Structures are given as structure tokens and as C-alpha cells.
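*Asks:* Dropping a structure here in C-alpha cells format, bear with me for questions.
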Amino acid sequence: MKKGILLFVIMLSTIGFIYFLVKYMGVQGFLFAWVLNFMLMMFVLMFTETLKSACTSNYFKEKKWEQKGKIYEQLGIHLFRKLLVIVGWEKLNKKENPVKNNLAALVHLEYRTKQSELGHLIIFFIVGGFSIYVAIRYCFSASAWLIFLNLVLNFYPILLQRYNRPRLQRAIQIFQRK
């Protein structure tokens, strides 16, 4: 009951903040796109941390077309990983979630990839909705920053989680065999 109320409050707060953001900043330009994405990241993180979903859906399983991550490599996932290193995100993330050479740490890291992907997926669809609205209401070029930041801040992180998770799952299987 308490968890449900908290989730409801988080959703209401998110809607309220979006309302004020749109009302006082408008829906066009870099600043709106940037603030919207990071505000949603904050609220969605609170939501997913409160929800604590087991993330057992078939969605999180590797699909045949994804095997070996070749599609993600063709889409530039290694370049995106290098970008994360350059901006310092990788170092910050490793400090927050250090990789340890044990089964429990790998299982936790694999779960975090699912949780992170879920959060970015939620944000991707919300920002995508804003992108479509702005493109229809104003023009396509007015939604350019929304589309660009949605790709960089949500789409590629989703691809990265889907690229990394099968590797973690193979490492977990190796540990379990020992």
C-alpha cells in the first residue's frame, strides 16, 4: 500500500514538473530537451528504485537477431562506449557499481542492466511523444534537439544494456559451472 502511494506521488510529481516545464519554458529548443530528459531521468530512477521490478519479462531476453551483438556494433555501440569514457560516465558508473569477480556482483550488475534499460525505455517513449507533438505542432526542425538528445541519452543507452547483458549472462553461467 505504502509503495503504491509512493509510486502514485512520483507519477503525479512527474506530470506536475512536466506541466510547469512546458508552461514556462515551451517545448522547443535545446534547453527544453535537456531539462526534460534529465528531469525524467530523476523521476524514472525514483520510480524504478521504488518499484523494484524483477524484470523477468521476455523483453529482457536476448533475441535471435541480437546474437553476438553484431547489429549493435553496426549501429556504433563501440563509439558510444568511447564517448561515455571521454565524458567520464564510465568512471563514475564504475565507482558507483564496481565490478567484482564474484557471482553475486555479476548477478547484481546483470539486474542493473535490466533496470537501467527499463528506465531509459520509459523516457525514450515519453520524449518520443514530445518529439512527435513538437514536429506536428511546429515543424520537424523544432523537434531536432528532442530527437537528437533522445537518441544519445536514451536510445543508445538501451542498445548498450542489450549489448552488455548477454556477456554478463555468459560470465554468470561460467561462474555457476565452477
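Every chain in the C-alpha cells has a letter given in the order shown (A, B, ...), and although residue numbers restart at 1 in each chain, ligands are simply numbered from 1 in the order shown.
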As a ChimeraX atom specification, please: every residue in range 2-172 of chain A that DSSP puts in alpha helix (DSSP H).
*Replies:* /A:2-25,30-51,70-74,77-87,89-96,103-137,144-150,156-172
*Asks:* Excluding Ile172 in chain A and any residue of its chain fewer than 6 positions from it, enumerate the residues within 8 Å of it, using only C-alpha atoms, and give them as a ChimeraX atom specification.
*Replies:* /A:103,106-107
*Asks:* How about saving the chosen residues, all heavy atoms kept, as a PDB file, in the first residue's frame?
*Replies:*
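So result.pdb came out as:
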```
ATOM      1  N   LEU A 103      30.107 -14.114  -8.226  1.00  0.00           N
ATOM      2  CA  LEU A 103      28.797 -14.392  -8.809  1.00  0.00           C
ATOM      3  C   LEU A 103      27.744 -13.366  -8.383  1.00  0.00           C
ATOM      4  O   LEU A 103      26.990 -12.865  -9.217  1.00  0.00           O
ATOM      5  CB  LEU A 103      28.341 -15.807  -8.432  1.00  0.00           C
ATOM      6  CG  LEU A 103      26.994 -16.256  -9.004  1.00  0.00           C
ATOM      7  CD1 LEU A 103      27.014 -16.217 -10.521  1.00  0.00           C
ATOM      8  CD2 LEU A 103      26.657 -17.645  -8.507  1.00  0.00           C
ATOM      9  N   LEU A 106      28.097 -10.104 -10.265  1.00  0.00           N
ATOM     10  CA  LEU A 106      27.693 -10.224 -11.673  1.00  0.00           C
ATOM     11  C   LEU A 106      26.176 -10.293 -11.806  1.00  0.00           C
ATOM     12  O   LEU A 106      25.601  -9.682 -12.718  1.00  0.00           O
ATOM     13  CB  LEU A 106      28.343 -11.453 -12.311  1.00  0.00           C
ATOM     14  CG  LEU A 106      29.842 -11.358 -12.578  1.00  0.00           C
ATOM     15  CD1 LEU A 106      30.374 -12.697 -13.082  1.00  0.00           C
ATOM     16  CD2 LEU A 106      30.153 -10.252 -13.567  1.00  0.00           C
ATOM     17  N   VAL A 107      25.529 -11.036 -10.912  1.00  0.00           N
ATOM     18  CA  VAL A 107      24.062 -11.140 -10.945  1.00  0.00           C
ATOM     19  C   VAL A 107      23.448  -9.762 -10.684  1.00  0.00           C
ATOM     20  O   VAL A 107      22.494  -9.359 -11.357  1.00  0.00           O
ATOM     21  CB  VAL A 107      23.561 -12.187  -9.926  1.00  0.00           C
ATOM     22  CG1 VAL A 107      22.057 -12.109  -9.737  1.00  0.00           C
ATOM     23  CG2 VAL A 107      23.975 -13.587 -10.375  1.00  0.00           C
TER      24      VAL A 107
END
```
*Asks:* Could you pull the residues within 10 Å of Met39 in chain A, counting only C-alpha atoms, minus those fewer than 4 positions along the same chain, as a PyMOL selection string?
*Replies:* chain A and resi 14+17-18+21+33-35+43-45+123
*Asks:* Name all residues at most 9 Å from Phe140 in chain A (count only C-alpha atoms; drop same-chain ones fewer than 6 positions away) and give them as a list of chain:residue names.
*Replies:*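 Neighbouring residues, sequence-local ones excluded: A:Ser131, A:Ile132, A:Val134.
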*Asks:* Would you mind exporting all heavy atoms of the selected residues as a PDB file, in the first residue's frame?
*Replies:*
```pdb
ATOM      1  N   SER A 131       8.562  14.652 -29.057  1.00  0.00           N
ATOM      2  CA  SER A 131       9.172  14.908 -30.370  1.00  0.00           C
ATOM      3  C   SER A 131       8.121  14.918 -31.470  1.00  0.00           C
ATOM      4  O   SER A 131       8.125  15.803 -32.337  1.00  0.00           O
ATOM      5  CB  SER A 131      10.230  13.846 -30.697  1.00  0.00           C
ATOM      6  OG  SER A 131      11.249  13.834 -29.735  1.00  0.00           O
ATOM      7  N   ILE A 132       7.238  13.946 -31.431  1.00  0.00           N
ATOM      8  CA  ILE A 132       6.167  13.868 -32.436  1.00  0.00           C
ATOM      9  C   ILE A 132       5.237  15.069 -32.312  1.00  0.00           C
ATOM     10  O   ILE A 132       4.884  15.707 -33.320  1.00  0.00           O
ATOM     11  CB  ILE A 132       5.392  12.537 -32.303  1.00  0.00           C
ATOM     12  CG1 ILE A 132       6.305  11.367 -32.690  1.00  0.00           C
ATOM     13  CG2 ILE A 132       4.119  12.550 -33.141  1.00  0.00           C
ATOM     14  CD1 ILE A 132       5.768   9.996 -32.322  1.00  0.00           C
ATOM     15  N   VAL A 134       5.858  18.091 -31.061  1.00  0.00           N
ATOM     16  CA  VAL A 134       6.537  19.320 -31.499  1.00  0.00           C
ATOM     17  C   VAL A 134       6.685  19.338 -33.020  1.00  0.00           C
ATOM     18  O   VAL A 134       6.485  20.376 -33.663  1.00  0.00           O
ATOM     19  CB  VAL A 134       7.905  19.476 -30.789  1.00  0.00           C
ATOM     20  CG1 VAL A 134       8.719  20.616 -31.386  1.00  0.00           C
ATOM     21  CG2 VAL A 134       7.706  19.697 -29.290  1.00  0.00           C
TER      22      VAL A 134
END
```
*Asks:* Hey, what's within 8 Å of Ser116 in chain A if we count only C-alpha atoms and toss same-chain stuff fewer than 3 positions away? As a list of chain:residue names, please?
*Replies:*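 Final neighbour list, sorted by chain and number: A:Arg112, A:Thr113, A:Gly119, A:His120, A:Ile158, A:Gln161.
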*Asks:* Write the residues you've just listed into a file as a JSON list (two decimals), in the first residue's frame, and include C-alpha atoms for each of them.
*Replies:*
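Done, and the output landed in part-v1.json:
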```json
[["chain", "number", "residue", "atom", "x", "y", "z"],
["A", 112, "ARG", "CA", 21.03, -3.30, -13.06],
["A", 113, "THR", "CA", 21.29, -3.53, -16.87],
["A", 119, "GLY", "CA", 14.20, 3.42, -17.20],
["A", 120, "HIS", "CA", 15.69, 4.59, -20.48],
["A", 158, "ILE", "CA", 19.17, 0.97, -24.26],
["A", 161, "GLN", "CA", 22.39, -2.54, -21.97]]
```
*Asks:* Could you tell me which of A:Lys3, A:Ala105, A:Glu73, A:Val22 comes closest to Gln169 in chain A if we count only C-alpha atoms?
*Replies:* A:Ala105
*Asks:* Could you name the residues that touch Lys70 in chain A at 12 Å or less, counting only C-alpha atoms, but leaving out those on the same chain fewer than 6 positions away, as a list in words?
*Replies:*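 So the residues in contact are Lys64, Gly76, Ile77, His78, Leu159, Arg162 and Tyr163 of chain A.
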*Asks:* Write out, as a short mmCIF file (atom, residue, chain, number, x, y, z; two decimals), in the first residue's frame, the residues just selected, with N, CA and C atoms.
*Replies:*
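Written file, part-v8.cif:
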```
data_model
loop_
_atom_site.label_atom_id
_atom_site.label_comp_id
_atom_site.auth_asym_id
_atom_site.auth_seq_id
_atom_site.Cartn_x
_atom_site.Cartn_y
_atom_site.Cartn_z
N LYS A 64 17.09 -13.65 -31.22
CA LYS A 64 17.95 -14.29 -32.23
C LYS A 64 18.71 -13.25 -33.06
N GLY A 76 27.10 1.39 -34.09
CA GLY A 76 28.09 2.27 -33.47
C GLY A 76 28.16 2.22 -31.96
N ILE A 77 27.83 1.07 -31.38
CA ILE A 77 27.82 0.96 -29.92
C ILE A 77 29.22 1.16 -29.33
N HIS A 78 30.27 0.74 -30.04
CA HIS A 78 31.63 0.93 -29.52
C HIS A 78 32.00 2.41 -29.49
N LEU A 159 20.52 0.35 -26.19
CA LEU A 159 21.32 -0.57 -27.00
C LEU A 159 22.52 -1.10 -26.22
N ARG A 162 21.47 -3.79 -23.83
CA ARG A 162 21.14 -5.02 -24.57
C ARG A 162 22.41 -5.67 -25.12
N TYR A 163 23.43 -4.87 -25.39
CA TYR A 163 24.72 -5.40 -25.87
C TYR A 163 25.50 -6.06 -24.72
#
```
*Asks:* Measuring atom to atom with only C-alpha atoms, identify which of A:Ile174, A:Leu153, A:Leu146, A:Leu109 is nearest to Gly29 in chain A.
*Replies:*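 Nearest to Gly29 in chain A: A:Leu146.
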